[in-house]
Amino acid sequence: MKIDLSYTGALMGAPKDLNQNEQAPAFPKEPVTIPKEDKAYMVTLSNEWRTFADAEKIRMEDLYTKTAIDPHDPFSYKPKDQWLIFSQYLDEQGVFDGKSREEVASMEEHLKQITDGLDSLHAGGIDVAGGITRELDSFEAHLEYAASLSALNQFSGKFLTGDSQAGFNDLIDGFAKHNRTVVDHHSSLEERFFQARASIAVPDVRLTPEQEKEVRITNRLGKSDRILKDELIQTYVTFFEGIRHGDDIQPAIDAVKKAFLSSILDQTPMKDREEMKEWLMKRTSDTFERIGSYFSALNDR
């Protein structure tokens with residue numbers, strides 16, 4: 001698959017109706033005569049014309065070209081918008097042909113939501129309520145990794161068949177390989193601070209009870225093992241992939257929460273576990289809500 005850096009989605013080219021039962025409006029292929037000051041000027045427009053900029057300019061100015069690109073890794077071309085790689089593939093395979101603009105927009109929105117979390121690891125954070133940007137912690141990145149793979153497999157089963165599905169599944173494998181490397185090395189700035197502070201003796205300072213609790217929890221977290229383990233990821237994937245069309249997704253989310261908590265609480269002294277659990281659930285609430293929302297969207301119909 002040759003990556004087109006100018007590709008911005010199936011609906012972002014020249015205006016057209018994707019429904020095969022209707023005639024798609026097109027720019028005239030024959031020259032158009034435009035009178036001006038008693039003179040006639042000949043102008044030719046084509047369906048390849050793009051309203052936002054010319055393709056070569058985008059290719060030269062694309063921010064992602066500043067990232068190390070591996071020609072064998074399509075997702076290295078657009079690490080902040082990985083959904084575009086999937087969309088370009090579907091577009092080239094003709095999967096969008098005959099679908100309405102609303103159907104295509106819905107499919108692309110699924111892909112955007114599913115890949116948003118892992119995209120944020122390249123973008124310095126993800127938008128949360130109120131327009132605040134926050135970096136995912138390493139354990140949230142682990143959750144997003146497993147959830148996105150499972151959701152992409154569900155997308156494949158829901159929308160695709162035959163050769164287009166086989167090729168899409170190969171892309172999922174490439175997505176998994178690309179992002180596993182990223183997730184393996186990811187930790188948020190706050191996590192790195194917690195880890196550094198936990199390794200030094202902090203001079204006595206006067207703290208409120210709430211501040212003291214926060215320092216105690218985050219110091220404990222800074223000493224915990226945050227290495228991504230294959231068995232934990234597989235546990236997450238198993239629960240997520242257990243979701244079937246029309247199912248209530250909450251039991252699967254609850255099972256993943258339990259596995260996630262166990263992975264950290266098992267390293268926490270019994271006396272500190274309840275407050276650590278409370279802190280972790282608050283810390284990851286946006287991530288679990290986001291994961292739940294894209295699984296719910298996939299299972300809506």
# chains A, B, ... in the order shown; residues from 1 in each chain; ligands from 1

$ closest_atom_pairs --of "stretch 199-256 of chain A" --to "stretch 142-158 of chain A" --cutoff "9 Å" --atoms "only C-alpha atoms" --output "tab-separated table"
residue	atom	partner	partner_atom	distance
A:Leu228	CA	A:His142	CA	6.8
A:Leu232	CA	A:His142	CA	8.9
A:Ile233	CA	A:Ala146	CA	5.9
A:Gln234	CA	A:Ala146	CA	7.6
A:Thr235	CA	A:Ala146	CA	8.9
A:Tyr236	CA	A:Ala146	CA	6.0
A:Val237	CA	A:Ala146	CA	5.3
A:Thr238	CA	A:Ser150	CA	8.5
A:Phe240	CA	A:Ser150	CA	6.1
A:Glu241	CA	A:Ser150	CA	5.5
A:Ile243	CA	A:Gln154	CA	8.9
A:Arg244	CA	A:Gln154	CA	8.6
A:His245	CA	A:Lys158	CA	8.8
A:Val256	CA	A:Leu143	CA	8.5

$ write_last_selection --atoms "C-alpha atoms" --output "mmCIF file, in the first residue's frame"
data_model
loop_
_atom_site.group_PDB
_atom_site.id
_atom_site.type_symbol
_atom_site.label_atom_id
_atom_site.label_comp_id
_atom_site.auth_asym_id
_atom_site.auth_seq_id
_atom_site.Cartn_x
_atom_site.Cartn_y
_atom_site.Cartn_z
ATOM 1 C CA LEU A 228 3.522 -4.059 29.581
ATOM 2 C CA LEU A 232 -2.211 -8.788 30.753
ATOM 3 C CA ILE A 233 -2.818 -7.468 27.234
ATOM 4 C CA GLN A 234 -4.239 -10.830 26.206
ATOM 5 C CA THR A 235 -6.553 -10.777 29.217
ATOM 6 C CA TYR A 236 -7.860 -7.362 28.179
ATOM 7 C CA VAL A 237 -8.268 -8.487 24.565
ATOM 8 C CA THR A 238 -10.160 -11.622 25.600
ATOM 9 C CA PHE A 240 -13.100 -6.934 24.850
ATOM 10 C CA GLU A 241 -13.439 -9.473 22.063
ATOM 11 C CA ILE A 243 -18.436 -8.379 23.267
ATOM 12 C CA ARG A 244 -20.938 -9.450 20.634
ATOM 13 C CA HIS A 245 -23.282 -7.359 18.521
ATOM 14 C CA VAL A 256 -11.204 -5.301 32.230
#

$ closest_atom_pairs --of "stretch 64-160 of chain A" --to "stretch 293-297 of chain A" --cutoff "7 Å" --atoms "only C-alpha atoms" --output "CSV"
residue,atom,partner,partner_atom,distance
A:His110,CA,A:Tyr294,CA,6.8
A:Gln113,CA,A:Tyr294,CA,6.2
A:Ile114,CA,A:Tyr294,CA,6.3
A:Ala151,CA,A:Phe295,CA,6.6

$ closest_residue --among "A:Gly162, A:Gly222, A:Pro251, A:Gly174" --to "A:Glu190" --atoms "only C-alpha atoms"
A:Gly222

$ residues_around --residues "A:Glu191" --least-positions-apart "4" --cutoff "10 Å" --atoms "only C-alpha atoms" --output "count of residues only"
14

$ select_by_dssp --residues "stretch 63-257 of chain A" --states "alpha helix (DSSP H)" --output "PDB file with C-alpha atoms, in the first residue's frame"
ATOM      1  CA  TRP A  83      -7.429   6.243  11.020  1.00  0.00           C
ATOM      2  CA  LEU A  84      -6.445   7.808   7.685  1.00  0.00           C
ATOM      3  CA  ILE A  85      -4.344   4.751   6.814  1.00  0.00           C
ATOM      4  CA  PHE A  86      -7.357   2.483   7.317  1.00  0.00           C
ATOM      5  CA  SER A  87      -9.642   4.905   5.460  1.00  0.00           C
ATOM      6  CA  GLN A  88      -7.298   5.212   2.478  1.00  0.00           C
ATOM      7  CA  TYR A  89      -7.155   1.425   2.236  1.00  0.00           C
ATOM      8  CA  LEU A  90     -10.961   1.123   2.321  1.00  0.00           C
ATOM      9  CA  ASP A  91     -11.294   3.906  -0.248  1.00  0.00           C
ATOM     10  CA  GLU A  92      -8.816   2.249  -2.619  1.00  0.00           C
ATOM     11  CA  ARG A 101     -22.044  10.180   2.639  1.00  0.00           C
ATOM     12  CA  GLU A 102     -23.625   9.522   6.036  1.00  0.00           C
ATOM     13  CA  GLU A 103     -22.581   5.853   5.966  1.00  0.00           C
ATOM     14  CA  VAL A 104     -19.007   6.715   4.990  1.00  0.00           C
ATOM     15  CA  ALA A 105     -18.837   9.446   7.630  1.00  0.00           C
ATOM     16  CA  SER A 106     -20.049   6.956  10.245  1.00  0.00           C
ATOM     17  CA  MET A 107     -17.424   4.356   9.284  1.00  0.00           C
ATOM     18  CA  GLU A 108     -14.660   6.942   9.384  1.00  0.00           C
ATOM     19  CA  GLU A 109     -15.881   8.252  12.741  1.00  0.00           C
ATOM     20  CA  HIS A 110     -15.623   4.736  14.171  1.00  0.00           C
ATOM     21  CA  LEU A 111     -12.004   4.562  12.998  1.00  0.00           C
ATOM     22  CA  LYS A 112     -11.197   7.992  14.419  1.00  0.00           C
ATOM     23  CA  GLN A 113     -12.599   7.163  17.846  1.00  0.00           C
ATOM     24  CA  ILE A 114     -10.916   3.769  17.990  1.00  0.00           C
ATOM     25  CA  THR A 115      -7.464   5.131  17.157  1.00  0.00           C
ATOM     26  CA  ASP A 116      -7.726   8.415  19.085  1.00  0.00           C
ATOM     27  CA  GLY A 117      -6.141   7.117  22.281  1.00  0.00           C
ATOM     28  CA  LEU A 118      -3.033   5.714  20.639  1.00  0.00           C
ATOM     29  CA  ASP A 119      -2.766   8.738  18.341  1.00  0.00           C
ATOM     30  CA  SER A 120      -2.523  10.876  21.479  1.00  0.00           C
ATOM     31  CA  LEU A 121       0.765   9.208  22.432  1.00  0.00           C
ATOM     32  CA  HIS A 122       2.323  11.031  19.472  1.00  0.00           C
ATOM     33  CA  ALA A 123       0.446  14.284  20.046  1.00  0.00           C
ATOM     34  CA  SER A 138       1.348   3.997  30.733  1.00  0.00           C
ATOM     35  CA  PHE A 139      -1.407   1.786  32.161  1.00  0.00           C
ATOM     36  CA  GLU A 140      -4.025   3.750  30.207  1.00  0.00           C
ATOM     37  CA  ALA A 141      -1.976   3.311  27.031  1.00  0.00           C
ATOM     38  CA  HIS A 142      -1.997  -0.462  27.714  1.00  0.00           C
ATOM     39  CA  LEU A 143      -5.790  -0.376  27.968  1.00  0.00           C
ATOM     40  CA  GLU A 144      -6.151   1.662  24.777  1.00  0.00           C
ATOM     41  CA  TYR A 145      -3.820  -0.688  22.921  1.00  0.00           C
ATOM     42  CA  ALA A 146      -5.863  -3.788  23.733  1.00  0.00           C
ATOM     43  CA  ALA A 147      -9.212  -2.043  23.271  1.00  0.00           C
ATOM     44  CA  SER A 148      -8.320  -0.533  19.886  1.00  0.00           C
ATOM     45  CA  LEU A 149      -7.149  -3.879  18.481  1.00  0.00           C
ATOM     46  CA  SER A 150     -10.358  -5.577  19.618  1.00  0.00           C
ATOM     47  CA  ALA A 151     -12.542  -2.741  18.307  1.00  0.00           C
ATOM     48  CA  LEU A 152     -10.784  -2.764  14.917  1.00  0.00           C
ATOM     49  CA  ASN A 153     -11.425  -6.499  14.659  1.00  0.00           C
ATOM     50  CA  GLN A 154     -15.094  -5.857  15.437  1.00  0.00           C
ATOM     51  CA  PHE A 155     -15.167  -3.119  12.789  1.00  0.00           C
ATOM     52  CA  SER A 156     -13.703  -5.590  10.284  1.00  0.00           C
ATOM     53  CA  GLY A 157     -16.322  -8.216  11.091  1.00  0.00           C
ATOM     54  CA  LYS A 158     -19.173  -5.722  10.967  1.00  0.00           C
ATOM     55  CA  PHE A 159     -18.370  -3.867   7.744  1.00  0.00           C
ATOM     56  CA  GLY A 162     -13.668 -11.223   1.377  1.00  0.00           C
ATOM     57  CA  ASP A 163     -10.396  -9.776   0.118  1.00  0.00           C
ATOM     58  CA  SER A 164     -11.035  -6.303   1.524  1.00  0.00           C
ATOM     59  CA  GLN A 165     -11.466  -7.820   4.989  1.00  0.00           C
ATOM     60  CA  ALA A 166      -8.306  -9.908   4.654  1.00  0.00           C
ATOM     61  CA  GLY A 167      -6.281  -6.841   3.666  1.00  0.00           C
ATOM     62  CA  PHE A 168      -7.810  -4.776   6.475  1.00  0.00           C
ATOM     63  CA  ASN A 169      -6.912  -7.507   8.975  1.00  0.00           C
ATOM     64  CA  ASP A 170      -3.325  -7.383   7.735  1.00  0.00           C
ATOM     65  CA  LEU A 171      -3.381  -3.638   8.397  1.00  0.00           C
ATOM     66  CA  ILE A 172      -4.610  -4.313  11.944  1.00  0.00           C
ATOM     67  CA  ASP A 173      -1.546  -6.526  12.442  1.00  0.00           C
ATOM     68  CA  GLY A 174       0.644  -3.666  11.228  1.00  0.00           C
ATOM     69  CA  PHE A 175      -1.183  -1.245  13.542  1.00  0.00           C
ATOM     70  CA  ALA A 176      -0.565  -3.635  16.459  1.00  0.00           C
ATOM     71  CA  LYS A 177       3.142  -3.916  15.687  1.00  0.00           C
ATOM     72  CA  HIS A 178       3.624  -0.156  15.257  1.00  0.00           C
ATOM     73  CA  ASN A 179       1.786   0.788  18.426  1.00  0.00           C
ATOM     74  CA  ARG A 180       3.209  -1.985  20.596  1.00  0.00           C
ATOM     75  CA  THR A 181       6.637  -0.397  20.224  1.00  0.00           C
ATOM     76  CA  VAL A 182       5.214   3.010  21.140  1.00  0.00           C
ATOM     77  CA  VAL A 183       3.243   1.730  24.133  1.00  0.00           C
ATOM     78  CA  ASP A 184       6.178  -0.307  25.424  1.00  0.00           C
ATOM     79  CA  LEU A 189       5.440  13.208  32.339  1.00  0.00           C
ATOM     80  CA  GLU A 190       3.593  12.893  35.652  1.00  0.00           C
ATOM     81  CA  GLU A 191       4.499   9.216  35.908  1.00  0.00           C
ATOM     82  CA  ARG A 192       8.152  10.021  35.367  1.00  0.00           C
ATOM     83  CA  PHE A 193       7.898  12.636  38.095  1.00  0.00           C
ATOM     84  CA  PHE A 194       6.262  10.132  40.463  1.00  0.00           C
ATOM     85  CA  GLN A 195       9.023   7.634  39.728  1.00  0.00           C
ATOM     86  CA  ALA A 196      11.813  10.170  40.301  1.00  0.00           C
ATOM     87  CA  ARG A 197      10.284  11.496  43.520  1.00  0.00           C
ATOM     88  CA  ALA A 198       9.729   7.989  44.878  1.00  0.00           C
ATOM     89  CA  PRO A 209      -4.228  15.358  54.790  1.00  0.00           C
ATOM     90  CA  GLU A 210      -5.354  15.273  51.153  1.00  0.00           C
ATOM     91  CA  GLN A 211      -1.895  16.241  49.889  1.00  0.00           C
ATOM     92  CA  GLU A 212      -0.291  13.669  52.124  1.00  0.00           C
ATOM     93  CA  LYS A 213      -2.591  10.999  50.731  1.00  0.00           C
ATOM     94  CA  GLU A 214      -1.806  12.028  47.133  1.00  0.00           C
ATOM     95  CA  VAL A 215       1.961  11.861  47.767  1.00  0.00           C
ATOM     96  CA  ARG A 216       1.653   8.481  49.460  1.00  0.00           C
ATOM     97  CA  ILE A 217      -0.358   6.999  46.564  1.00  0.00           C
ATOM     98  CA  THR A 218       1.759   8.454  43.775  1.00  0.00           C
ATOM     99  CA  ASN A 219       5.016   7.469  45.494  1.00  0.00           C
ATOM    100  CA  ARG A 220       3.668   3.937  45.721  1.00  0.00           C
ATOM    101  CA  LEU A 221       2.704   4.081  42.058  1.00  0.00           C
ATOM    102  CA  GLY A 222       6.180   5.377  41.184  1.00  0.00           C
ATOM    103  CA  ASP A 230       1.736  -9.973  27.130  1.00  0.00           C
ATOM    104  CA  GLU A 231      -0.546 -11.955  29.428  1.00  0.00           C
ATOM    105  CA  LEU A 232      -2.211  -8.788  30.753  1.00  0.00           C
ATOM    106  CA  ILE A 233      -2.818  -7.468  27.234  1.00  0.00           C
ATOM    107  CA  GLN A 234      -4.239 -10.830  26.206  1.00  0.00           C
ATOM    108  CA  THR A 235      -6.553 -10.777  29.217  1.00  0.00           C
ATOM    109  CA  TYR A 236      -7.860  -7.362  28.179  1.00  0.00           C
ATOM    110  CA  VAL A 237      -8.268  -8.487  24.565  1.00  0.00           C
ATOM    111  CA  THR A 238     -10.160 -11.622  25.600  1.00  0.00           C
ATOM    112  CA  PHE A 239     -12.722  -9.597  27.543  1.00  0.00           C
ATOM    113  CA  PHE A 240     -13.100  -6.934  24.850  1.00  0.00           C
ATOM    114  CA  GLU A 241     -13.439  -9.473  22.063  1.00  0.00           C
ATOM    115  CA  GLN A 250     -20.630  -3.059  30.697  1.00  0.00           C
ATOM    116  CA  PRO A 251     -19.777  -6.600  31.912  1.00  0.00           C
ATOM    117  CA  ALA A 252     -16.749  -6.620  29.611  1.00  0.00           C
ATOM    118  CA  ILE A 253     -15.653  -3.158  30.783  1.00  0.00           C
ATOM    119  CA  ASP A 254     -16.068  -4.237  34.416  1.00  0.00           C
ATOM    120  CA  ALA A 255     -13.986  -7.371  33.806  1.00  0.00           C
ATOM    121  CA  VAL A 256     -11.204  -5.301  32.230  1.00  0.00           C
ATOM    122  CA  LYS A 257     -11.308  -2.863  35.175  1.00  0.00           C
TER     123      LYS A 257
END

$ atom_distance --atom1 "atom CA of A:Val95" --atom2 "atom CA of A:Thr161"
9.7 Å

$ atom_distance --atom1 "atom CA of A:Asp4" --atom2 "atom CA of A:Phe96"
17.3 Å

$ closest_residue --among "A:Asp248, A:Leu280, A:Phe260, A:Asp266" --to "A:Asn299" --atoms "only C-alpha atoms"
A:Asp248

$ atom_distance --atom1 "atom CA of A:Lys229" --atom2 "atom CA of A:Thr287"
19.4 Å

$ select_by_dssp --residues "stretch 51-218 of chain A" --states "strand (DSSP E)" --output "ChimeraX atom specification"
/A:126-127,133-134

$ write_last_selection --atoms "N, CA and C atoms" --output "compact mmCIF listing (two decimals), in the first residue's frame"
# COMPACT_ATOMS: atom_id res chain seq x y z
N ILE A 126 -4.42 13.88 25.02
CA ILE A 126 -5.74 13.73 24.41
C ILE A 126 -6.71 14.71 25.07
N ASP A 127 -7.65 15.21 24.28
CA ASP A 127 -8.63 16.15 24.81
C ASP A 127 -9.59 15.44 25.75
N THR A 133 -6.11 19.10 27.78
CA THR A 133 -5.32 18.03 27.17
C THR A 133 -4.52 17.33 28.26
N ARG A 134 -4.61 16.01 28.29
CA ARG A 134 -3.88 15.24 29.29
C ARG A 134 -3.20 14.04 28.66
